[in-house]
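structure-v8.txt (compact mmCIF, C-alpha atoms) appears below.
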```txt
# COMPACT_ATOMS: atom_id res chain seq x y z
CA MET A 1 -39.00 -8.05 -11.49
CA SER A 2 -37.40 -6.10 -8.66
CA PRO A 3 -37.92 -2.36 -8.08
CA GLY A 4 -35.72 -0.13 -10.21
CA THR A 5 -35.35 -2.68 -13.01
CA LEU A 6 -36.75 -2.89 -16.50
CA GLY A 7 -35.29 -5.84 -18.30
CA ALA A 8 -31.51 -5.65 -17.91
CA TYR A 9 -31.43 -2.00 -16.78
CA GLN A 10 -31.46 -0.58 -13.27
CA TRP A 11 -31.62 3.04 -12.21
CA ASP A 12 -30.44 4.89 -9.13
CA SER A 13 -32.63 7.26 -7.11
CA ASN A 14 -31.78 10.15 -9.52
CA GLY A 15 -32.88 8.22 -12.62
CA ARG A 16 -29.36 7.55 -13.90
CA THR A 17 -28.62 4.14 -15.38
CA ILE A 18 -26.51 1.86 -13.19
CA LYS A 19 -23.83 0.25 -15.36
CA GLU A 20 -23.32 -3.48 -15.18
CA LEU A 21 -19.77 -4.73 -15.71
CA ILE A 22 -19.00 -8.34 -16.62
CA LEU A 23 -15.54 -9.25 -15.30
CA THR A 24 -13.28 -12.07 -16.51
CA SER A 25 -9.93 -13.20 -15.16
CA THR A 26 -7.18 -15.23 -16.78
CA TYR A 27 -6.18 -16.54 -13.34
CA ALA A 28 -9.76 -17.70 -12.69
CA LYS A 29 -9.97 -19.45 -16.06
CA GLU A 30 -6.62 -21.21 -15.59
CA HIS A 31 -7.73 -22.58 -12.20
CA SER A 32 -11.41 -23.28 -13.11
CA ILE A 33 -12.55 -20.99 -10.31
CA THR A 34 -16.26 -20.83 -9.55
CA SER A 35 -16.13 -18.66 -6.42
CA MET A 36 -13.62 -16.71 -4.34
CA HIS A 37 -13.45 -15.55 -0.74
CA LEU A 38 -10.98 -12.66 -0.63
CA ASN A 39 -9.70 -10.33 2.06
CA LEU A 40 -9.46 -7.11 0.08
CA LEU A 41 -6.91 -4.41 0.82
CA GLU A 42 -7.48 -2.12 -2.16
CA PHE A 43 -9.56 -1.87 -5.30
CA SER A 44 -8.28 0.03 -8.36
CA ALA A 45 -9.07 0.57 -12.04
CA ILE A 46 -6.65 0.60 -14.95
CA ASN A 47 -7.46 2.95 -17.81
CA GLU A 48 -6.70 2.51 -21.50
CA PRO A 49 -3.24 4.14 -21.35
CA GLY A 50 -2.34 1.76 -18.49
CA ASP A 51 -2.53 4.14 -15.51
CA GLU A 52 -3.75 2.59 -12.26
CA ILE A 53 -6.15 4.70 -10.20
CA THR A 54 -7.16 3.67 -6.68
CA VAL A 55 -10.93 3.46 -6.33
CA HIS A 56 -11.14 2.38 -2.70
CA ASP A 57 -8.84 1.43 0.18
CA PHE A 58 -10.03 -1.01 2.81
CA PRO A 59 -8.47 -0.12 6.16
CA GLY A 60 -7.34 -3.44 7.57
CA GLN A 61 -9.15 -5.98 5.45
CA LYS A 62 -12.59 -6.49 3.98
CA ALA A 63 -13.78 -10.05 3.36
CA VAL A 64 -15.78 -10.31 0.13
CA ASP A 65 -17.19 -13.27 -1.75
CA PHE A 66 -17.05 -13.30 -5.56
CA THR A 67 -19.40 -15.83 -7.17
CA SER A 68 -20.19 -16.75 -10.75
CA LEU A 69 -22.85 -15.30 -13.01
CA SER A 70 -24.66 -18.64 -12.84
CA CYS A 71 -25.37 -18.07 -9.13
CA GLY A 72 -27.11 -14.78 -9.88
CA SER A 73 -24.95 -12.94 -7.34
CA PHE A 74 -23.20 -9.64 -7.90
CA LEU A 75 -21.31 -6.89 -6.09
CA ARG A 76 -22.44 -3.30 -6.07
CA SER A 77 -19.79 -0.59 -6.01
CA ARG A 78 -20.60 3.00 -5.18
CA ASN A 79 -17.08 4.37 -5.75
CA ILE A 80 -16.27 3.89 -9.43
CA VAL A 81 -17.65 7.30 -10.38
CA LYS A 82 -14.77 8.90 -8.44
CA LEU A 83 -12.53 7.92 -11.35
CA GLU A 84 -11.30 10.48 -13.84
CA GLN A 85 -13.07 10.68 -17.18
CA GLY A 86 -11.89 8.14 -19.72
CA LYS A 87 -12.07 4.51 -20.80
CA TYR A 88 -11.17 1.76 -18.35
CA LYS A 89 -10.45 -1.84 -19.22
CA THR A 90 -9.34 -3.62 -16.02
CA LEU A 91 -10.28 -3.73 -12.35
CA ARG A 92 -7.56 -4.82 -9.94
CA PHE A 93 -8.23 -6.22 -6.47
CA TYR A 94 -5.32 -6.28 -4.00
CA ILE A 95 -5.74 -9.09 -1.50
CA ALA A 96 -4.31 -10.21 1.81
CA GLY A 97 -3.33 -13.84 1.39
CA GLU A 98 -4.40 -15.03 4.82
CA ASP A 99 -7.93 -16.44 4.83
CA SER A 100 -8.29 -15.85 1.08
CA TYR A 101 -9.23 -18.89 -0.96
CA PHE A 102 -11.05 -19.98 -4.08
CA THR A 103 -13.33 -22.88 -4.92
CA THR A 104 -13.01 -24.71 -8.23
CA CYS A 105 -15.88 -25.97 -10.37
CA LYS A 106 -15.18 -29.41 -8.85
CA ARG A 107 -15.80 -27.89 -5.37
CA GLU A 108 -12.15 -28.11 -4.29
CA GLN A 109 -10.94 -25.27 -2.06
CA ARG A 110 -7.47 -23.83 -2.56
CA ASP A 111 -5.49 -21.30 -0.59
CA MET A 112 -4.48 -17.98 -2.19
CA SER A 113 -1.69 -16.95 0.21
CA ASP A 114 0.78 -16.59 -2.68
CA VAL A 115 -1.41 -14.12 -4.65
CA ASN A 116 -1.04 -10.35 -4.03
CA PHE A 117 -3.59 -9.06 -6.53
CA LEU A 118 -6.03 -10.22 -9.18
CA ASP A 119 -6.83 -8.45 -12.44
CA PHE A 120 -10.27 -8.69 -13.97
CA GLU A 121 -10.82 -7.53 -17.53
CA VAL A 122 -14.06 -5.66 -18.11
CA ASP A 123 -15.97 -7.08 -21.06
CA GLY A 124 -15.86 -4.25 -23.61
CA GLY A 125 -14.34 -1.83 -21.10
CA PHE A 126 -16.33 1.06 -19.67
CA TYR A 127 -16.35 4.82 -20.01
CA ILE A 128 -16.51 7.42 -17.25
CA THR A 129 -18.04 10.68 -18.46
CA GLY A 130 -19.03 12.17 -15.11
CA GLU A 131 -22.75 11.77 -15.81
CA GLU A 132 -23.04 8.15 -14.63
CA SER A 133 -24.72 6.83 -11.56
CA PRO A 134 -22.18 6.48 -8.73
CA GLU A 135 -23.24 2.82 -8.49
CA PHE A 136 -21.94 0.01 -10.67
CA ILE A 137 -22.89 -3.66 -10.64
CA LEU A 138 -19.97 -6.10 -10.85
CA ARG A 139 -20.64 -9.63 -12.11
CA PHE A 140 -17.94 -12.28 -12.36
CA ASP A 141 -17.82 -14.59 -15.36
CA PHE A 142 -16.68 -17.79 -13.64
CA PRO A 143 -17.63 -21.29 -14.82
CA PRO A 144 -20.50 -22.90 -12.90
CA TYR A 145 -20.03 -25.84 -10.56
CA GLU A 146 -19.96 -29.22 -12.26
CA PRO A 147 -23.53 -30.53 -12.05
CA GLY A 148 -22.55 -34.18 -11.52
CA ARG A 149 -21.23 -33.56 -8.03
CA VAL A 150 -24.27 -31.62 -6.88
CA SER A 151 -26.88 -33.89 -8.41
CA LYS A 152 -25.23 -37.08 -7.13
CA GLY A 153 -25.20 -35.75 -3.57
CA LEU A 154 -28.71 -34.40 -3.85
CA GLY A 155 -29.89 -37.56 -5.57
CA LYS A 156 -28.60 -39.72 -2.71
CA ALA A 157 -30.30 -37.50 -0.14
CA VAL A 158 -33.63 -37.59 -2.00
CA LEU A 159 -33.54 -41.32 -2.80
CA PHE A 160 -32.27 -42.50 0.60
CA PRO A 161 -35.73 -42.90 2.24
CA PHE A 162 -36.98 -44.94 -0.74
CA ARG A 163 -33.91 -47.15 -0.77
CA LEU A 164 -34.20 -47.69 2.96
CA GLY A 165 -37.85 -48.74 2.53
CA TRP A 166 -36.91 -51.15 -0.26
CA GLN A 167 -34.13 -52.69 1.85
CA LEU A 168 -36.51 -53.17 4.79
CA SER A 169 -39.13 -54.82 2.56
CA GLN A 170 -36.43 -57.19 1.20
CA LYS A 171 -35.42 -58.15 4.73
CA LEU A 172 -39.06 -58.67 5.68
CA GLN A 173 -39.58 -60.96 2.64
CA GLN A 174 -36.45 -62.94 3.49
CA SER A 175 -37.62 -63.42 7.06
CA PHE A 176 -40.72 -65.28 5.74
CA GLY A 177 -38.51 -67.62 3.74
CA THR A 178 -39.56 -66.48 0.28
```
Would you encode the structure as structure tokens?
Amino acid sequence: MSPGTLGAYQWDSNGRTIKELILTSTYAKEHSITSMHLNLLEFSAINEPGDEITVHDFPGQKAVDFTSLSCGSFLRSRNIVKLEQGKYKTLRFYIAGEDSYFTTCKREQRDMSDVNFLDFEVDGGFYITGEESPEFILRFDFPPYEPGRVSKGLGKAVLFPFRLGWQLSQKLQQSFGT
């Protein structure tokens, strides 16, 4: 267990609970995305009435990797508490198309130059009351990589020395005329 955690909860230095948001995306589901490498321009939140509020601008670009829950990775945001009080349901990431790409669960990389922004729905939404920790943990609910591709490659690497030894012993047997 890491410092500041007790089960699923984490606290900031002032003892306030750090909220964990699980994010899903229709775009990611349609394309079987397991990870993304995005050049972010802006990050905003959309509240229940549908108003979009900018959370953070990235002067120039900021390269960020989004990976699936199955990898155990997450992003930590320290800016969400700057939002007005209310309920929020969606986080929107504006991206620069150049050098932005995603990887599918079959490990195929695809360019995202035609995408200007991505919306991620927050599972259950989240409330801002003004009493929260300024930090939030963002986890992305992407499907994991297909295990067949990983295990086949790993299996070949692990079994190669044994196969090589077997092939050499076969050649040695054949050289004795057996």
Between atom CA of A:Asp114 and atom CA of A:Leu91, what distance in Å does the model show, to one decimal?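 Interatomic distance here is 19.5 Å.
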Near-stretch 135-144 of chain A list (9 Å; only C-alpha atoms; drop same-chain fewer than 3 positions) as a PDB file with C-alpha atoms, keeping the file's coordinate frame:
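The result, written out as around-v2.pdb:
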```pdb
ATOM      1  CA  ASP A  12     -30.440   4.890  -9.130  1.00  0.00           C
ATOM      2  CA  THR A  17     -28.620   4.140 -15.380  1.00  0.00           C
ATOM      3  CA  ILE A  18     -26.510   1.860 -13.190  1.00  0.00           C
ATOM      4  CA  LYS A  19     -23.830   0.250 -15.360  1.00  0.00           C
ATOM      5  CA  GLU A  20     -23.320  -3.480 -15.180  1.00  0.00           C
ATOM      6  CA  LEU A  21     -19.770  -4.730 -15.710  1.00  0.00           C
ATOM      7  CA  ILE A  22     -19.000  -8.340 -16.620  1.00  0.00           C
ATOM      8  CA  LEU A  23     -15.540  -9.250 -15.300  1.00  0.00           C
ATOM      9  CA  THR A  24     -13.280 -12.070 -16.510  1.00  0.00           C
ATOM     10  CA  SER A  25      -9.930 -13.200 -15.160  1.00  0.00           C
ATOM     11  CA  ALA A  28      -9.760 -17.700 -12.690  1.00  0.00           C
ATOM     12  CA  LYS A  29      -9.970 -19.450 -16.060  1.00  0.00           C
ATOM     13  CA  SER A  32     -11.410 -23.280 -13.110  1.00  0.00           C
ATOM     14  CA  ILE A  33     -12.550 -20.990 -10.310  1.00  0.00           C
ATOM     15  CA  THR A  34     -16.260 -20.830  -9.550  1.00  0.00           C
ATOM     16  CA  SER A  35     -16.130 -18.660  -6.420  1.00  0.00           C
ATOM     17  CA  PHE A  66     -17.050 -13.300  -5.560  1.00  0.00           C
ATOM     18  CA  THR A  67     -19.400 -15.830  -7.170  1.00  0.00           C
ATOM     19  CA  SER A  68     -20.190 -16.750 -10.750  1.00  0.00           C
ATOM     20  CA  LEU A  69     -22.850 -15.300 -13.010  1.00  0.00           C
ATOM     21  CA  SER A  70     -24.660 -18.640 -12.840  1.00  0.00           C
ATOM     22  CA  CYS A  71     -25.370 -18.070  -9.130  1.00  0.00           C
ATOM     23  CA  GLY A  72     -27.110 -14.780  -9.880  1.00  0.00           C
ATOM     24  CA  SER A  73     -24.950 -12.940  -7.340  1.00  0.00           C
ATOM     25  CA  PHE A  74     -23.200  -9.640  -7.900  1.00  0.00           C
ATOM     26  CA  LEU A  75     -21.310  -6.890  -6.090  1.00  0.00           C
ATOM     27  CA  ARG A  76     -22.440  -3.300  -6.070  1.00  0.00           C
ATOM     28  CA  SER A  77     -19.790  -0.590  -6.010  1.00  0.00           C
ATOM     29  CA  ARG A  78     -20.600   3.000  -5.180  1.00  0.00           C
ATOM     30  CA  ASN A  79     -17.080   4.370  -5.750  1.00  0.00           C
ATOM     31  CA  ILE A  80     -16.270   3.890  -9.430  1.00  0.00           C
ATOM     32  CA  VAL A  81     -17.650   7.300 -10.380  1.00  0.00           C
ATOM     33  CA  THR A 104     -13.010 -24.710  -8.230  1.00  0.00           C
ATOM     34  CA  CYS A 105     -15.880 -25.970 -10.370  1.00  0.00           C
ATOM     35  CA  PHE A 120     -10.270  -8.690 -13.970  1.00  0.00           C
ATOM     36  CA  GLU A 132     -23.040   8.150 -14.630  1.00  0.00           C
ATOM     37  CA  PRO A 147     -23.530 -30.530 -12.050  1.00  0.00           C
TER      38      PRO A 147
END
```
Selected residue of minimal separation from A:Glu98 among A:Leu83, A:Ala63, A:Ala45, A:Leu118, counting all atoms listed in the file: A:Ala63
Can you work out the spacing between atom CA of A:Lys87 and atom CA of A:Glu48 in Å, to one decimal?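 Result for atom CA of A:Lys87 versus atom CA of A:Glu48: 5.8 Å, one decimal.
Between atom CA of A:Val122 and atom CA of A:Thr54 the separation is 16.3 Å.
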Test item: which residues lie within 10 Å of (-16.4, 1.3, -24.3) counting all atoms listed in the file, as a list in words: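 Final list of nearby residues, as requested, is Gly86, Lys87, Tyr88, Lys89, Val122, Asp123, Gly124, Gly125, Phe126, Tyr127 and Ile128 of chain A.
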Counting all atoms listed in the file, select every polymer residue within 10 Å of (-14.1, -12.4, -0.2) as defined in the file's coordinates, and provide the selection as a PDB file with C-alpha atoms, keeping the file's coordinate frame.
```pdb
ATOM      1  CA  SER A  35     -16.130 -18.660  -6.420  1.00  0.00           C
ATOM      2  CA  MET A  36     -13.620 -16.710  -4.340  1.00  0.00           C
ATOM      3  CA  HIS A  37     -13.450 -15.550  -0.740  1.00  0.00           C
ATOM      4  CA  LEU A  38     -10.980 -12.660  -0.630  1.00  0.00           C
ATOM      5  CA  ASN A  39      -9.700 -10.330   2.060  1.00  0.00           C
ATOM      6  CA  LEU A  40      -9.460  -7.110   0.080  1.00  0.00           C
ATOM      7  CA  GLN A  61      -9.150  -5.980   5.450  1.00  0.00           C
ATOM      8  CA  LYS A  62     -12.590  -6.490   3.980  1.00  0.00           C
ATOM      9  CA  ALA A  63     -13.780 -10.050   3.360  1.00  0.00           C
ATOM     10  CA  VAL A  64     -15.780 -10.310   0.130  1.00  0.00           C
ATOM     11  CA  ASP A  65     -17.190 -13.270  -1.750  1.00  0.00           C
ATOM     12  CA  PHE A  66     -17.050 -13.300  -5.560  1.00  0.00           C
ATOM     13  CA  THR A  67     -19.400 -15.830  -7.170  1.00  0.00           C
ATOM     14  CA  ILE A  95      -5.740  -9.090  -1.500  1.00  0.00           C
ATOM     15  CA  ASP A  99      -7.930 -16.440   4.830  1.00  0.00           C
ATOM     16  CA  SER A 100      -8.290 -15.850   1.080  1.00  0.00           C
ATOM     17  CA  TYR A 101      -9.230 -18.890  -0.960  1.00  0.00           C
ATOM     18  CA  PHE A 102     -11.050 -19.980  -4.080  1.00  0.00           C
TER      19      PHE A 102
END
```
Put the listed atoms of stretch 11-20 of chain A in a box along x, y and z with 3 Å added on every side and give me the centre and edge lengths in Å to one decimal, as JSON.
```
{"center_x": -28.1, "center_y": 3.3, "center_z": -11.2, "size_x": 15.6, "size_y": 19.6, "size_z": 14.3}
```
Slice of the block: stretch 99-127 of chain A, N, CA and C atoms, as a PDB file, in the first residue's frame:
```
ATOM      1  N   ASP A  99       1.213  14.338 -34.417  1.00  0.00           N
ATOM      2  CA  ASP A  99       1.853  13.474 -33.423  1.00  0.00           C
ATOM      3  C   ASP A  99       0.896  12.920 -32.372  1.00  0.00           C
ATOM      4  N   SER A 100      -0.408  12.982 -32.613  1.00  0.00           N
ATOM      5  CA  SER A 100      -1.383  12.347 -31.733  1.00  0.00           C
ATOM      6  C   SER A 100      -1.828  11.050 -32.395  1.00  0.00           C
ATOM      7  N   TYR A 101      -1.856   9.993 -31.616  1.00  0.00           N
ATOM      8  CA  TYR A 101      -2.239   8.690 -32.159  1.00  0.00           C
ATOM      9  C   TYR A 101      -2.834   7.831 -31.046  1.00  0.00           C
ATOM     10  N   PHE A 102      -3.487   6.753 -31.452  1.00  0.00           N
ATOM     11  CA  PHE A 102      -3.977   5.790 -30.479  1.00  0.00           C
ATOM     12  C   PHE A 102      -3.530   4.397 -30.883  1.00  0.00           C
ATOM     13  N   THR A 103      -3.562   3.497 -29.908  1.00  0.00           N
ATOM     14  CA  THR A 103      -3.208   2.104 -30.124  1.00  0.00           C
ATOM     15  C   THR A 103      -4.430   1.260 -29.781  1.00  0.00           C
ATOM     16  N   THR A 104      -4.790   0.359 -30.687  1.00  0.00           N
ATOM     17  CA  THR A 104      -5.947  -0.494 -30.466  1.00  0.00           C
ATOM     18  C   THR A 104      -5.577  -1.684 -29.587  1.00  0.00           C
ATOM     19  N   CYS A 105      -6.589  -2.442 -29.175  1.00  0.00           N
ATOM     20  CA  CYS A 105      -6.330  -3.623 -28.350  1.00  0.00           C
ATOM     21  C   CYS A 105      -5.567  -4.702 -29.124  1.00  0.00           C
ATOM     22  N   LYS A 106      -5.515  -4.574 -30.462  1.00  0.00           N
ATOM     23  CA  LYS A 106      -4.726  -5.499 -31.277  1.00  0.00           C
ATOM     24  C   LYS A 106      -3.325  -4.953 -31.549  1.00  0.00           C
ATOM     25  N   ARG A 107      -2.967  -3.864 -30.847  1.00  0.00           N
ATOM     26  CA  ARG A 107      -1.651  -3.215 -30.917  1.00  0.00           C
ATOM     27  C   ARG A 107      -1.382  -2.537 -32.264  1.00  0.00           C
ATOM     28  N   GLU A 108      -2.436  -2.081 -32.923  1.00  0.00           N
ATOM     29  CA  GLU A 108      -2.292  -1.333 -34.173  1.00  0.00           C
ATOM     30  C   GLU A 108      -2.342   0.155 -33.843  1.00  0.00           C
ATOM     31  N   GLN A 109      -1.376   0.910 -34.374  1.00  0.00           N
ATOM     32  CA  GLN A 109      -1.360   2.356 -34.143  1.00  0.00           C
ATOM     33  C   GLN A 109      -2.082   3.076 -35.261  1.00  0.00           C
ATOM     34  N   ARG A 110      -2.869   4.088 -34.874  1.00  0.00           N
ATOM     35  CA  ARG A 110      -3.596   4.883 -35.858  1.00  0.00           C
ATOM     36  C   ARG A 110      -3.455   6.357 -35.543  1.00  0.00           C
ATOM     37  N   ASP A 111      -3.334   7.128 -36.597  1.00  0.00           N
ATOM     38  CA  ASP A 111      -3.174   8.576 -36.517  1.00  0.00           C
ATOM     39  C   ASP A 111      -4.489   9.235 -36.099  1.00  0.00           C
ATOM     40  N   MET A 112      -4.399  10.364 -35.385  1.00  0.00           N
ATOM     41  CA  MET A 112      -5.597  11.089 -34.959  1.00  0.00           C
ATOM     42  C   MET A 112      -5.598  12.521 -35.494  1.00  0.00           C
ATOM     43  N   SER A 113      -5.008  12.743 -36.665  1.00  0.00           N
ATOM     44  CA  SER A 113      -4.907  14.094 -37.214  1.00  0.00           C
ATOM     45  C   SER A 113      -6.266  14.696 -37.567  1.00  0.00           C
ATOM     46  N   ASP A 114      -7.288  13.875 -37.740  1.00  0.00           N
ATOM     47  CA  ASP A 114      -8.613  14.387 -38.101  1.00  0.00           C
ATOM     48  C   ASP A 114      -9.516  14.647 -36.884  1.00  0.00           C
ATOM     49  N   VAL A 115      -8.998  14.455 -35.659  1.00  0.00           N
ATOM     50  CA  VAL A 115      -9.779  14.631 -34.445  1.00  0.00           C
ATOM     51  C   VAL A 115      -9.362  15.927 -33.748  1.00  0.00           C
ATOM     52  N   ASN A 116     -10.328  16.808 -33.445  1.00  0.00           N
ATOM     53  CA  ASN A 116     -10.037  18.075 -32.771  1.00  0.00           C
ATOM     54  C   ASN A 116     -10.190  17.997 -31.261  1.00  0.00           C
ATOM     55  N   PHE A 117     -11.121  17.178 -30.792  1.00  0.00           N
ATOM     56  CA  PHE A 117     -11.312  17.015 -29.353  1.00  0.00           C
ATOM     57  C   PHE A 117     -11.924  15.649 -29.076  1.00  0.00           C
ATOM     58  N   LEU A 118     -11.763  15.210 -27.831  1.00  0.00           N
ATOM     59  CA  LEU A 118     -12.356  13.955 -27.375  1.00  0.00           C
ATOM     60  C   LEU A 118     -13.132  14.216 -26.098  1.00  0.00           C
ATOM     61  N   ASP A 119     -14.343  13.686 -26.032  1.00  0.00           N
ATOM     62  CA  ASP A 119     -15.156  13.779 -24.829  1.00  0.00           C
ATOM     63  C   ASP A 119     -15.072  12.471 -24.063  1.00  0.00           C
ATOM     64  N   PHE A 120     -14.932  12.597 -22.756  1.00  0.00           N
ATOM     65  CA  PHE A 120     -14.923  11.446 -21.866  1.00  0.00           C
ATOM     66  C   PHE A 120     -16.021  11.647 -20.828  1.00  0.00           C
ATOM     67  N   GLU A 121     -16.953  10.711 -20.772  1.00  0.00           N
ATOM     68  CA  GLU A 121     -18.005  10.769 -19.768  1.00  0.00           C
ATOM     69  C   GLU A 121     -17.428  10.291 -18.445  1.00  0.00           C
ATOM     70  N   VAL A 122     -17.806  10.970 -17.382  1.00  0.00           N
ATOM     71  CA  VAL A 122     -17.375  10.595 -16.038  1.00  0.00           C
ATOM     72  C   VAL A 122     -18.411   9.646 -15.467  1.00  0.00           C
ATOM     73  N   ASP A 123     -17.978   8.456 -15.083  1.00  0.00           N
ATOM     74  CA  ASP A 123     -18.873   7.454 -14.531  1.00  0.00           C
ATOM     75  C   ASP A 123     -19.570   8.016 -13.288  1.00  0.00           C
ATOM     76  N   GLY A 124     -20.872   8.253 -13.394  1.00  0.00           N
ATOM     77  CA  GLY A 124     -21.640   8.802 -12.281  1.00  0.00           C
ATOM     78  C   GLY A 124     -21.524  10.306 -12.116  1.00  0.00           C
ATOM     79  N   GLY A 125     -20.734  10.964 -12.943  1.00  0.00           N
ATOM     80  CA  GLY A 125     -20.523  12.401 -12.801  1.00  0.00           C
ATOM     81  C   GLY A 125     -19.741  12.715 -11.542  1.00  0.00           C
ATOM     82  N   PHE A 126     -19.522  13.991 -11.277  1.00  0.00           N
ATOM     83  CA  PHE A 126     -18.865  14.391 -10.033  1.00  0.00           C
ATOM     84  C   PHE A 126     -19.350  15.779  -9.638  1.00  0.00           C
ATOM     85  N   TYR A 127     -19.331  16.017  -8.343  1.00  0.00           N
ATOM     86  CA  TYR A 127     -19.795  17.282  -7.789  1.00  0.00           C
ATOM     87  C   TYR A 127     -18.605  18.115  -7.324  1.00  0.00           C
TER      88      TYR A 127
END
```
